[in-house]
There are 2 protein chains.
Amino acid sequence: MVVESRLIGPVRVVGAGLLGTSVGLGLTARGIDVILADASPTHVSIAVDLGAGRRATAGDAPQLIVVATPPDVTASVVAAELAAFPDAIVTDVASVKLAVLAELADLGADLSRYIGSHPMAGRERGGPLGGRADLFVGRPWVVAAHDAISYQRAGAIDDLILDLGATLVEMTPEQHDAGVALISHVPQVISSLMARRFIDAPSAAVNLAGQGVRDVTRVAASDPDLWVQILGANAAPVRDILVAYRDDLDRFIGALDDPEAPGARRRVAEELAGGNVGVARLPGKHGTDKRFTTLTVMVDDRPGQLARLLAEIGEIGVNLEDLRLEHAPGIQVGLAEIAVLPETVEHLTTELAARGWRIAG
Amino acid sequence: MVVESRLIGPVRVVGAGLLGTSVGLGLTARGIDVILADASPTHVSIAVDLGAGRRATAGDAPQLIVVATPPDVTASVVAAELAAFPDAIVTDVASVKLAVLAELADLGADLSRYIGSHPMAGRERGGPLGGRADLFVGRPWVVAAHDAISYQRAGAIDDLILDLGATLVEMTPEQHDAGVALISHVPQVISSLMARRFIDAPSAAVNLAGQGVRDVTRVAASDPDLWVQILGANAAPVRDILVAYRDDLDRFIGALDDPEAPGARRRVAEELAGGNVGVARLPGKHGTDKRFTTLTVMVDDRPGQLARLLAEIGEIGVNLEDLRLEHAPGIQVGLAEIAVLPETVEHLTTELAARGWRIAG
């Protein structure tokens, strides 16, 4: 079913990686004519095969151009696109906004047809094969407003964002860069530095690792080449936050130098309690995590058991909001973590237990 | 079915929190008589109701005692148990080992009947209600060897660990404390300090947060009171690693002070690449993650659709190794991430597509 789009195509996407391909998939799903371009013909082929759009042809007249290239080359690609298509509005989706705008100004590009933006979305699996039509649904998409573009022209970017299901957030380039420094760039650095501590660690020690440290260091597997570009382009805001972090860390080290000194324990407790406060300010996953209650049901590791459980939940009349299946290694049972509305959990528990299911927690 | 146990009961568990209740549940499942004790009668009641064991009675003669109390009181509880039950072997499961052993030596306790241990297992949901019989399955359980206990007596702890499905890892108390400092205690500090940066941040900034920073700061929600005890008891190893981390961070800040200086970019890239190397040394979840390939199937958000998908996967004859269902907010479809053996994914993809399922990636 094609939902009526606000955008008028064609939309030209330059850069068929994760973001570009996802933009193409999302717009194609809405019946927009999407043109795909990339320095790599292979990326274009894959993206076309995935249904993200068509190859560029002479005579294309895109209304809107989305540049989805690595940060180092984004400004020059935007400038080239502005020059090649004098009637198009151009946006980019790079993780930094001020550096791109500043470089475009230096290049003398036509800023009256450019406005930067940044979708706060991504996946561990990069490249065109990671692309998803719904990658941006429910996610914030920042528009980095500036004075040189008219409200009417900038409207094309708004339509793009809304068509892809994202939430439009307007900020200045400076506000954007400070924001992503805080909730994306600095966490990347912090995580990578933590993981570096394991390089020469004894195997016996690293083999003790549990879920906590895996969570803290998951993003340490990110691509260094991409992040060098991002951090280079957002160095000042990132540095300022790292300095504040380092000062906090120094105080913490001081408290541990003499843990029995008066006030040392209290200082440590305050730092940790502050962490509780800070993390509580982050929005939940999809913004909806906290609405649901989780029930854990043990499922024998025999074919069809999980399907039977889900069918019975449906028969009981409770809606399954989310599901995660975990295999406990070494024993022939899985743990199905079922998220449901809190008001249904008591009824569901009673009914499932009556049907012989073992509730773990 | 009661699997033949190596242990001879009764086993007395002191402290009916997450770990103690899980020990009780696991041993009860193996037909062992478990005695539960806790300073809180409510915790005991809940644990008994969950099936973790029975209340203590006069005349109990436990062979083995597991002390599962907070770190600050563990040594004194162990000493009291050693005195109250002169024929029992006693272990504790606290997150620090040297401090407990040292305090017991100071108290003049009978170290010939005590050996400390530490199961590397846990859950976000604490307390007895979080207890699970299989909490320790496949997880490392460290035994902190020392000279005062005989090999034969220490064997009771080995039996406990094996009966609960864990993997026995022997270390000295010093090796243990250095190991957990590296892969548990320091990551906790690093994560909490990161989360503190959000306390006074603009809402617009924190609302940009995505999965990466949520992973980095997930453990920042941990209980400060518990962690003050842990960090206080393991201060020196934690401090040493934090100092090394702080030195790395200082170098990183220096590179960002002037990102265009010769060598600055290279230094940043090396630090990030080091993070890649370090995180790759951590064992995968359950140690089996990497064996499976993930296939993502779109599932309409109508009752019974997920059950139908699972039933069809069973019909196709492929074994479902793991499953994660993700609802993309705002649109009426879910994404089922199915983990299967790599050699089956092509066949499964073909068959599911033929049956009309949409494969997302």
# chains A, B, ... in the order shown; residues from 1 in each chain; ligands from 1

$ interface_residues --of "chain B" --to "chain A" --cutoff "6 Å" --atoms "only C-alpha atoms" --output "PDB file with all heavy atoms, in the first residue's frame"
ATOM      1  N   GLY B 138      26.644 -22.202  32.772  1.00  0.00           N
ATOM      2  CA  GLY B 138      27.581 -21.741  31.759  1.00  0.00           C
ATOM      3  C   GLY B 138      28.413 -20.547  32.175  1.00  0.00           C
ATOM      4  O   GLY B 138      29.258 -20.079  31.403  1.00  0.00           O
ATOM      5  N   GLY B 179      41.115  -9.225  38.474  1.00  0.00           N
ATOM      6  CA  GLY B 179      40.278  -9.582  37.326  1.00  0.00           C
ATOM      7  C   GLY B 179      38.930  -8.890  37.355  1.00  0.00           C
ATOM      8  O   GLY B 179      38.489  -8.297  36.368  1.00  0.00           O
ATOM      9  N   ILE B 183      37.112  -6.171  34.639  1.00  0.00           N
ATOM     10  CA  ILE B 183      35.957  -6.445  33.768  1.00  0.00           C
ATOM     11  C   ILE B 183      34.620  -6.193  34.451  1.00  0.00           C
ATOM     12  O   ILE B 183      33.577  -6.468  33.867  1.00  0.00           O
ATOM     13  CB  ILE B 183      36.012  -7.883  33.196  1.00  0.00           C
ATOM     14  CG1 ILE B 183      36.136  -8.952  34.289  1.00  0.00           C
ATOM     15  CG2 ILE B 183      37.154  -8.013  32.216  1.00  0.00           C
ATOM     16  CD1 ILE B 183      34.870  -9.340  34.963  1.00  0.00           C
ATOM     17  N   PRO B 187      34.546  -0.837  34.729  1.00  0.00           N
ATOM     18  CA  PRO B 187      33.449  -0.499  33.823  1.00  0.00           C
ATOM     19  C   PRO B 187      32.261   0.147  34.531  1.00  0.00           C
ATOM     20  O   PRO B 187      31.618   1.041  33.971  1.00  0.00           O
ATOM     21  CB  PRO B 187      33.065  -1.863  33.215  1.00  0.00           C
ATOM     22  CG  PRO B 187      34.335  -2.638  33.236  1.00  0.00           C
ATOM     23  CD  PRO B 187      35.027  -2.216  34.498  1.00  0.00           C
ATOM     24  N   SER B 192      29.136   5.026  35.181  1.00  0.00           N
ATOM     25  CA  SER B 192      28.468   5.982  36.069  1.00  0.00           C
ATOM     26  C   SER B 192      28.956   7.402  35.808  1.00  0.00           C
ATOM     27  O   SER B 192      28.163   8.348  35.767  1.00  0.00           O
ATOM     28  CB  SER B 192      28.728   5.615  37.535  1.00  0.00           C
ATOM     29  OG  SER B 192      28.074   4.409  37.884  1.00  0.00           O
ATOM     30  N   ALA B 195      27.312   8.748  32.741  1.00  0.00           N
ATOM     31  CA  ALA B 195      25.915   9.127  32.960  1.00  0.00           C
ATOM     32  C   ALA B 195      25.799  10.443  33.730  1.00  0.00           C
ATOM     33  O   ALA B 195      24.844  11.198  33.542  1.00  0.00           O
ATOM     34  CB  ALA B 195      25.176   8.011  33.693  1.00  0.00           C
ATOM     35  N   ARG B 196      26.769  10.722  34.593  1.00  0.00           N
ATOM     36  CA  ARG B 196      26.728  11.971  35.355  1.00  0.00           C
ATOM     37  C   ARG B 196      26.717  13.188  34.431  1.00  0.00           C
ATOM     38  O   ARG B 196      26.208  14.253  34.787  1.00  0.00           O
ATOM     39  CB  ARG B 196      27.949  12.052  36.284  1.00  0.00           C
ATOM     40  CG  ARG B 196      27.856  11.177  37.509  1.00  0.00           C
ATOM     41  CD  ARG B 196      29.132  11.301  38.332  1.00  0.00           C
ATOM     42  NE  ARG B 196      29.373  12.681  38.751  1.00  0.00           N
ATOM     43  CZ  ARG B 196      28.754  13.273  39.756  1.00  0.00           C
ATOM     44  NH1 ARG B 196      27.849  12.607  40.453  1.00  0.00           N
ATOM     45  NH2 ARG B 196      29.030  14.514  40.073  1.00  0.00           N
ATOM     46  N   PHE B 198      24.942  13.744  32.087  1.00  0.00           N
ATOM     47  CA  PHE B 198      23.592  14.064  31.609  1.00  0.00           C
ATOM     48  C   PHE B 198      22.759  14.797  32.650  1.00  0.00           C
ATOM     49  O   PHE B 198      21.655  15.259  32.353  1.00  0.00           O
ATOM     50  CB  PHE B 198      22.835  12.796  31.207  1.00  0.00           C
ATOM     51  CG  PHE B 198      23.576  11.896  30.268  1.00  0.00           C
ATOM     52  CD1 PHE B 198      23.444  10.520  30.368  1.00  0.00           C
ATOM     53  CD2 PHE B 198      24.399  12.413  29.284  1.00  0.00           C
ATOM     54  CE1 PHE B 198      24.134   9.677  29.511  1.00  0.00           C
ATOM     55  CE2 PHE B 198      25.089  11.575  28.427  1.00  0.00           C
ATOM     56  CZ  PHE B 198      24.963  10.203  28.544  1.00  0.00           C
ATOM     57  N   ILE B 199      23.264  14.879  33.892  1.00  0.00           N
ATOM     58  CA  ILE B 199      22.438  15.390  34.989  1.00  0.00           C
ATOM     59  C   ILE B 199      21.872  16.767  34.652  1.00  0.00           C
ATOM     60  O   ILE B 199      20.684  17.024  34.826  1.00  0.00           O
ATOM     61  CB  ILE B 199      23.243  15.446  36.304  1.00  0.00           C
ATOM     62  CG1 ILE B 199      23.604  14.031  36.765  1.00  0.00           C
ATOM     63  CG2 ILE B 199      22.448  16.173  37.393  1.00  0.00           C
ATOM     64  CD1 ILE B 199      24.508  14.003  37.990  1.00  0.00           C
ATOM     65  N   ALA B 205      19.106  17.749  24.154  1.00  0.00           N
ATOM     66  CA  ALA B 205      20.301  16.942  23.897  1.00  0.00           C
ATOM     67  C   ALA B 205      20.086  15.498  24.334  1.00  0.00           C
ATOM     68  O   ALA B 205      20.339  14.556  23.575  1.00  0.00           O
ATOM     69  CB  ALA B 205      21.509  17.540  24.606  1.00  0.00           C
ATOM     70  N   VAL B 206      19.621  15.272  25.556  1.00  0.00           N
ATOM     71  CA  VAL B 206      19.472  13.881  26.021  1.00  0.00           C
ATOM     72  C   VAL B 206      18.424  13.133  25.208  1.00  0.00           C
ATOM     73  O   VAL B 206      18.495  11.924  25.043  1.00  0.00           O
ATOM     74  CB  VAL B 206      19.170  13.779  27.530  1.00  0.00           C
ATOM     75  CG1 VAL B 206      20.339  14.276  28.349  1.00  0.00           C
ATOM     76  CG2 VAL B 206      17.893  14.477  27.915  1.00  0.00           C
ATOM     77  N   ALA B 209      19.357  10.718  22.330  1.00  0.00           N
ATOM     78  CA  ALA B 209      20.099   9.489  22.652  1.00  0.00           C
ATOM     79  C   ALA B 209      19.594   8.281  21.874  1.00  0.00           C
ATOM     80  O   ALA B 209      18.399   8.086  21.703  1.00  0.00           O
ATOM     81  CB  ALA B 209      20.030   9.205  24.151  1.00  0.00           C
ATOM     82  N   VAL B 213      24.622   4.948  23.420  1.00  0.00           N
ATOM     83  CA  VAL B 213      24.841   5.531  24.744  1.00  0.00           C
ATOM     84  C   VAL B 213      24.011   4.810  25.796  1.00  0.00           C
ATOM     85  O   VAL B 213      24.409   4.726  26.963  1.00  0.00           O
ATOM     86  CB  VAL B 213      24.561   7.056  24.742  1.00  0.00           C
ATOM     87  CG1 VAL B 213      23.092   7.339  24.439  1.00  0.00           C
ATOM     88  CG2 VAL B 213      24.940   7.682  26.063  1.00  0.00           C
ATOM     89  N   ASP B 215      23.592   1.625  25.867  1.00  0.00           N
ATOM     90  CA  ASP B 215      24.436   0.477  26.217  1.00  0.00           C
ATOM     91  C   ASP B 215      25.567   0.914  27.143  1.00  0.00           C
ATOM     92  O   ASP B 215      25.851   0.265  28.152  1.00  0.00           O
ATOM     93  CB  ASP B 215      25.026  -0.158  24.959  1.00  0.00           C
ATOM     94  CG  ASP B 215      23.998  -0.951  24.170  1.00  0.00           C
ATOM     95  OD1 ASP B 215      22.933  -1.272  24.726  1.00  0.00           O
ATOM     96  OD2 ASP B 215      24.274  -1.271  22.996  1.00  0.00           O
ATOM     97  N   VAL B 216      26.227   2.024  26.792  1.00  0.00           N
ATOM     98  CA  VAL B 216      27.385   2.459  27.575  1.00  0.00           C
ATOM     99  C   VAL B 216      26.976   2.782  29.011  1.00  0.00           C
ATOM    100  O   VAL B 216      27.731   2.549  29.958  1.00  0.00           O
ATOM    101  CB  VAL B 216      28.062   3.692  26.926  1.00  0.00           C
ATOM    102  CG1 VAL B 216      29.186   4.216  27.811  1.00  0.00           C
ATOM    103  CG2 VAL B 216      28.608   3.341  25.553  1.00  0.00           C
ATOM    104  N   ALA B 220      24.940   2.166  34.788  1.00  0.00           N
ATOM    105  CA  ALA B 220      24.954   3.340  35.667  1.00  0.00           C
ATOM    106  C   ALA B 220      23.703   3.383  36.540  1.00  0.00           C
ATOM    107  O   ALA B 220      23.607   4.193  37.463  1.00  0.00           O
ATOM    108  CB  ALA B 220      25.066   4.627  34.842  1.00  0.00           C
ATOM    109  N   ALA B 221      22.739   2.524  36.268  1.00  0.00           N
ATOM    110  CA  ALA B 221      21.538   2.439  37.095  1.00  0.00           C
ATOM    111  C   ALA B 221      21.730   1.510  38.297  1.00  0.00           C
ATOM    112  O   ALA B 221      20.801   1.303  39.071  1.00  0.00           O
ATOM    113  CB  ALA B 221      20.359   1.947  36.248  1.00  0.00           C
ATOM    114  N   PRO B 224      23.916   2.239  44.242  1.00  0.00           N
ATOM    115  CA  PRO B 224      25.115   2.877  44.801  1.00  0.00           C
ATOM    116  C   PRO B 224      25.564   2.266  46.128  1.00  0.00           C
ATOM    117  O   PRO B 224      26.769   2.151  46.382  1.00  0.00           O
ATOM    118  CB  PRO B 224      24.703   4.341  44.992  1.00  0.00           C
ATOM    119  CG  PRO B 224      23.541   4.540  44.094  1.00  0.00           C
ATOM    120  CD  PRO B 224      22.831   3.227  44.038  1.00  0.00           C
ATOM    121  N   VAL B 228      29.337   1.058  46.574  1.00  0.00           N
ATOM    122  CA  VAL B 228      30.263   1.697  47.519  1.00  0.00           C
ATOM    123  C   VAL B 228      31.005   0.625  48.307  1.00  0.00           C
ATOM    124  O   VAL B 228      32.223   0.720  48.533  1.00  0.00           O
ATOM    125  CB  VAL B 228      29.487   2.625  48.487  1.00  0.00           C
ATOM    126  CG1 VAL B 228      30.302   2.897  49.741  1.00  0.00           C
ATOM    127  CG2 VAL B 228      29.151   3.925  47.803  1.00  0.00           C
ATOM    128  N   GLY B 232      34.944   0.038  47.851  1.00  0.00           N
ATOM    129  CA  GLY B 232      35.718   0.246  49.069  1.00  0.00           C
ATOM    130  C   GLY B 232      36.584  -0.959  49.395  1.00  0.00           C
ATOM    131  O   GLY B 232      37.712  -0.825  49.869  1.00  0.00           O
ATOM    132  N   ALA B 235      39.555  -1.232  46.455  1.00  0.00           N
ATOM    133  CA  ALA B 235      39.953   0.107  46.040  1.00  0.00           C
ATOM    134  C   ALA B 235      41.280   0.143  45.279  1.00  0.00           C
ATOM    135  O   ALA B 235      41.395   0.827  44.268  1.00  0.00           O
ATOM    136  CB  ALA B 235      40.032   1.028  47.261  1.00  0.00           C
ATOM    137  N   ARG B 239      41.672   1.443  41.555  1.00  0.00           N
ATOM    138  CA  ARG B 239      42.357   2.719  41.389  1.00  0.00           C
ATOM    139  C   ARG B 239      43.452   2.627  40.331  1.00  0.00           C
ATOM    140  O   ARG B 239      43.615   3.511  39.490  1.00  0.00           O
ATOM    141  CB  ARG B 239      42.952   3.165  42.730  1.00  0.00           C
ATOM    142  CG  ARG B 239      43.718   4.471  42.654  1.00  0.00           C
ATOM    143  CD  ARG B 239      44.791   4.521  43.749  1.00  0.00           C
ATOM    144  NE  ARG B 239      45.628   5.697  43.576  1.00  0.00           N
ATOM    145  CZ  ARG B 239      46.680   5.745  42.790  1.00  0.00           C
ATOM    146  NH1 ARG B 239      47.042   4.686  42.081  1.00  0.00           N
ATOM    147  NH2 ARG B 239      47.397   6.847  42.687  1.00  0.00           N
ATOM    148  N   ILE B 253      42.576  13.706  25.063  1.00  0.00           N
ATOM    149  CA  ILE B 253      42.207  15.121  25.160  1.00  0.00           C
ATOM    150  C   ILE B 253      43.283  15.976  24.482  1.00  0.00           C
ATOM    151  O   ILE B 253      42.982  16.929  23.759  1.00  0.00           O
ATOM    152  CB  ILE B 253      42.018  15.530  26.638  1.00  0.00           C
ATOM    153  CG1 ILE B 253      40.725  14.903  27.188  1.00  0.00           C
ATOM    154  CG2 ILE B 253      41.985  17.046  26.794  1.00  0.00           C
ATOM    155  CD1 ILE B 253      40.546  15.048  28.693  1.00  0.00           C
ATOM    156  N   LEU B 256      42.810  16.060  20.832  1.00  0.00           N
ATOM    157  CA  LEU B 256      41.665  16.880  20.412  1.00  0.00           C
ATOM    158  C   LEU B 256      41.905  18.371  20.642  1.00  0.00           C
ATOM    159  O   LEU B 256      41.204  19.207  20.074  1.00  0.00           O
ATOM    160  CB  LEU B 256      40.393  16.445  21.149  1.00  0.00           C
ATOM    161  CG  LEU B 256      39.867  15.055  20.817  1.00  0.00           C
ATOM    162  CD1 LEU B 256      38.577  14.787  21.596  1.00  0.00           C
ATOM    163  CD2 LEU B 256      39.594  14.905  19.321  1.00  0.00           C
ATOM    164  N   PRO B 259      43.322  19.135  16.716  1.00  0.00           N
ATOM    165  CA  PRO B 259      43.122  17.972  15.855  1.00  0.00           C
ATOM    166  C   PRO B 259      43.852  18.063  14.519  1.00  0.00           C
ATOM    167  O   PRO B 259      44.014  17.054  13.840  1.00  0.00           O
ATOM    168  CB  PRO B 259      41.597  17.942  15.656  1.00  0.00           C
ATOM    169  CG  PRO B 259      41.106  19.287  16.035  1.00  0.00           C
ATOM    170  CD  PRO B 259      42.073  19.869  16.983  1.00  0.00           C
ATOM    171  N   ALA B 269      43.048   7.737  15.847  1.00  0.00           N
ATOM    172  CA  ALA B 269      42.717   6.491  15.151  1.00  0.00           C
ATOM    173  C   ALA B 269      43.305   5.290  15.877  1.00  0.00           C
ATOM    174  O   ALA B 269      42.651   4.234  15.980  1.00  0.00           O
ATOM    175  CB  ALA B 269      43.229   6.544  13.717  1.00  0.00           C
ATOM    176  N   LEU B 272      41.234   4.440  18.974  1.00  0.00           N
ATOM    177  CA  LEU B 272      39.975   3.789  18.614  1.00  0.00           C
ATOM    178  C   LEU B 272      40.210   2.366  18.112  1.00  0.00           C
ATOM    179  O   LEU B 272      39.461   1.445  18.449  1.00  0.00           O
ATOM    180  CB  LEU B 272      39.246   4.612  17.547  1.00  0.00           C
ATOM    181  CG  LEU B 272      38.831   6.022  17.975  1.00  0.00           C
ATOM    182  CD1 LEU B 272      38.351   6.818  16.765  1.00  0.00           C
ATOM    183  CD2 LEU B 272      37.743   5.965  19.036  1.00  0.00           C
ATOM    184  N   ALA B 273      41.252   2.190  17.315  1.00  0.00           N
ATOM    185  CA  ALA B 273      41.557   0.844  16.825  1.00  0.00           C
ATOM    186  C   ALA B 273      41.925  -0.076  17.990  1.00  0.00           C
ATOM    187  O   ALA B 273      41.615  -1.271  17.984  1.00  0.00           O
ATOM    188  CB  ALA B 273      42.694   0.904  15.810  1.00  0.00           C
ATOM    189  N   GLY B 274      42.589   0.488  18.981  1.00  0.00           N
ATOM    190  CA  GLY B 274      42.892  -0.288  20.189  1.00  0.00           C
ATOM    191  C   GLY B 274      41.629  -0.746  20.878  1.00  0.00           C
ATOM    192  O   GLY B 274      41.563  -1.846  21.430  1.00  0.00           O
ATOM    193  N   GLY B 275      40.605   0.092  20.849  1.00  0.00           N
ATOM    194  CA  GLY B 275      39.315  -0.300  21.401  1.00  0.00           C
ATOM    195  C   GLY B 275      38.739  -1.504  20.666  1.00  0.00           C
ATOM    196  O   GLY B 275      38.177  -2.412  21.287  1.00  0.00           O
ATOM    197  N   ASN B 276      38.887  -1.531  19.347  1.00  0.00           N
ATOM    198  CA  ASN B 276      38.469  -2.691  18.555  1.00  0.00           C
ATOM    199  C   ASN B 276      39.155  -3.968  19.059  1.00  0.00           C
ATOM    200  O   ASN B 276      38.531  -5.015  19.244  1.00  0.00           O
ATOM    201  CB  ASN B 276      38.842  -2.508  17.076  1.00  0.00           C
ATOM    202  CG  ASN B 276      37.955  -1.539  16.332  1.00  0.00           C
ATOM    203  OD1 ASN B 276      38.188  -1.290  15.146  1.00  0.00           O
ATOM    204  ND2 ASN B 276      36.948  -0.974  16.971  1.00  0.00           N
ATOM    205  N   GLY B 278      40.650  -4.542  21.949  1.00  0.00           N
ATOM    206  CA  GLY B 278      40.290  -4.889  23.326  1.00  0.00           C
ATOM    207  C   GLY B 278      38.929  -5.541  23.435  1.00  0.00           C
ATOM    208  O   GLY B 278      38.776  -6.568  24.100  1.00  0.00           O
ATOM    209  N   VAL B 279      37.932  -4.965  22.768  1.00  0.00           N
ATOM    210  CA  VAL B 279      36.581  -5.511  22.911  1.00  0.00           C
ATOM    211  C   VAL B 279      36.480  -6.897  22.262  1.00  0.00           C
ATOM    212  O   VAL B 279      35.700  -7.741  22.705  1.00  0.00           O
ATOM    213  CB  VAL B 279      35.518  -4.539  22.345  1.00  0.00           C
ATOM    214  CG1 VAL B 279      35.565  -4.486  20.829  1.00  0.00           C
ATOM    215  CG2 VAL B 279      34.131  -4.926  22.808  1.00  0.00           C
ATOM    216  N   LEU B 282      36.823  -9.937  24.590  1.00  0.00           N
ATOM    217  CA  LEU B 282      35.772 -10.379  25.505  1.00  0.00           C
ATOM    218  C   LEU B 282      35.048 -11.579  24.918  1.00  0.00           C
ATOM    219  O   LEU B 282      34.763 -11.603  23.730  1.00  0.00           O
ATOM    220  CB  LEU B 282      34.764  -9.254  25.745  1.00  0.00           C
ATOM    221  CG  LEU B 282      35.256  -8.014  26.463  1.00  0.00           C
ATOM    222  CD1 LEU B 282      34.078  -7.059  26.685  1.00  0.00           C
ATOM    223  CD2 LEU B 282      35.898  -8.362  27.792  1.00  0.00           C
ATOM    224  N   ALA B 307       3.410 -16.321  16.012  1.00  0.00           N
ATOM    225  CA  ALA B 307       3.265 -17.762  16.244  1.00  0.00           C
ATOM    226  C   ALA B 307       3.283 -18.510  14.924  1.00  0.00           C
ATOM    227  O   ALA B 307       3.878 -19.581  14.797  1.00  0.00           O
ATOM    228  CB  ALA B 307       1.969 -18.042  17.010  1.00  0.00           C
ATOM    229  N   LEU B 310       6.851 -18.798  13.581  1.00  0.00           N
ATOM    230  CA  LEU B 310       7.636 -19.811  14.282  1.00  0.00           C
ATOM    231  C   LEU B 310       7.198 -21.212  13.901  1.00  0.00           C
ATOM    232  O   LEU B 310       8.024 -22.113  13.736  1.00  0.00           O
ATOM    233  CB  LEU B 310       7.526 -19.605  15.788  1.00  0.00           C
ATOM    234  CG  LEU B 310       8.048 -18.260  16.284  1.00  0.00           C
ATOM    235  CD1 LEU B 310       7.902 -18.167  17.784  1.00  0.00           C
ATOM    236  CD2 LEU B 310       9.489 -18.060  15.888  1.00  0.00           C
ATOM    237  N   ALA B 311       5.889 -21.384  13.751  1.00  0.00           N
ATOM    238  CA  ALA B 311       5.401 -22.701  13.349  1.00  0.00           C
ATOM    239  C   ALA B 311       5.939 -23.062  11.971  1.00  0.00           C
ATOM    240  O   ALA B 311       6.346 -24.199  11.721  1.00  0.00           O
ATOM    241  CB  ALA B 311       3.872 -22.711  13.353  1.00  0.00           C
ATOM    242  N   ASP B 322      17.835 -18.626  18.448  1.00  0.00           N
ATOM    243  CA  ASP B 322      17.534 -17.466  19.286  1.00  0.00           C
ATOM    244  C   ASP B 322      16.554 -16.570  18.546  1.00  0.00           C
ATOM    245  O   ASP B 322      16.486 -16.599  17.314  1.00  0.00           O
ATOM    246  CB  ASP B 322      18.825 -16.694  19.617  1.00  0.00           C
ATOM    247  CG  ASP B 322      18.800 -16.115  21.016  1.00  0.00           C
ATOM    248  OD1 ASP B 322      17.685 -15.820  21.524  1.00  0.00           O
ATOM    249  OD2 ASP B 322      19.882 -15.956  21.616  1.00  0.00           O
ATOM    250  N   LEU B 323      15.830 -15.784  19.309  1.00  0.00           N
ATOM    251  CA  LEU B 323      14.795 -14.948  18.702  1.00  0.00           C
ATOM    252  C   LEU B 323      14.706 -13.640  19.455  1.00  0.00           C
ATOM    253  O   LEU B 323      14.725 -13.618  20.681  1.00  0.00           O
ATOM    254  CB  LEU B 323      13.444 -15.660  18.768  1.00  0.00           C
ATOM    255  CG  LEU B 323      12.199 -14.820  18.431  1.00  0.00           C
ATOM    256  CD1 LEU B 323      12.192 -14.475  16.955  1.00  0.00           C
ATOM    257  CD2 LEU B 323      10.938 -15.588  18.792  1.00  0.00           C
ATOM    258  N   ARG B 324      14.630 -12.580  18.700  1.00  0.00           N
ATOM    259  CA  ARG B 324      14.375 -11.295  19.334  1.00  0.00           C
ATOM    260  C   ARG B 324      13.343 -10.559  18.499  1.00  0.00           C
ATOM    261  O   ARG B 324      13.497 -10.420  17.292  1.00  0.00           O
ATOM    262  CB  ARG B 324      15.658 -10.487  19.422  1.00  0.00           C
ATOM    263  CG  ARG B 324      15.399  -9.149  20.090  1.00  0.00           C
ATOM    264  CD  ARG B 324      16.634  -8.545  20.630  1.00  0.00           C
ATOM    265  NE  ARG B 324      16.249  -7.471  21.551  1.00  0.00           N
ATOM    266  CZ  ARG B 324      17.093  -6.739  22.233  1.00  0.00           C
ATOM    267  NH1 ARG B 324      18.373  -6.965  22.120  1.00  0.00           N
ATOM    268  NH2 ARG B 324      16.681  -5.799  23.041  1.00  0.00           N
ATOM    269  N   LEU B 325      12.296 -10.114  19.154  1.00  0.00           N
ATOM    270  CA  LEU B 325      11.245  -9.391  18.451  1.00  0.00           C
ATOM    271  C   LEU B 325      11.358  -7.922  18.783  1.00  0.00           C
ATOM    272  O   LEU B 325      11.447  -7.548  19.949  1.00  0.00           O
ATOM    273  CB  LEU B 325       9.865  -9.905  18.872  1.00  0.00           C
ATOM    274  CG  LEU B 325       8.679  -9.175  18.230  1.00  0.00           C
ATOM    275  CD1 LEU B 325       8.633  -9.459  16.743  1.00  0.00           C
ATOM    276  CD2 LEU B 325       7.379  -9.619  18.881  1.00  0.00           C
ATOM    277  N   PRO B 329       8.373   1.482  16.382  1.00  0.00           N
ATOM    278  CA  PRO B 329       7.242   2.280  16.862  1.00  0.00           C
ATOM    279  C   PRO B 329       6.593   3.068  15.735  1.00  0.00           C
ATOM    280  O   PRO B 329       7.256   3.496  14.815  1.00  0.00           O
ATOM    281  CB  PRO B 329       7.883   3.238  17.878  1.00  0.00           C
ATOM    282  CG  PRO B 329       9.283   3.354  17.432  1.00  0.00           C
ATOM    283  CD  PRO B 329       9.647   2.017  16.855  1.00  0.00           C
TER     284      PRO B 329
END

$ select_by_dssp --residues "stretch 88-303 of chain A" --states "strand (DSSP E)" --output "PyMOL selection string"
chain A and resi 89-92+116-119+140-144+167-171+293-300

$ closest_residue --among "B:Leu107, B:Ala261, B:Ala156, B:Ile115" --to "B:Thr172" --atoms "only C-alpha atoms"
B:Ile115

$ residues_around --residues "B:Phe85" --least-positions-apart "6" --cutoff "12 Å" --atoms "only C-alpha atoms" --output "ChimeraX atom specification"
/B:11-12,58-65,78-79,110,113-114

$ select_by_dssp --residues "stretch 5-194 of chain B" --states "alpha helix (DSSP H)" --output "PyMOL selection string"
chain B and resi 18-29+41-49+71-84+98-106+151-163+173-180+186-194

$ atom_distance --atom1 "atom CA of A:Ala16" --atom2 "atom CA of A:Pro128"
6.0 Å

$ residues_around --residues "B:Thr91" --least-positions-apart "5" --cutoff "12 Å" --atoms "only C-alpha atoms" --output "PyMOL selection string"
chain B and resi 11-14+20+63-69+74-75+77-79+81-82+97+100-101+104+111-119+142-145+149+153-158+160-161

$ atom_distance --atom1 "atom CA of B:Ser40" --atom2 "atom CA of B:Gly127"
11.5 Å
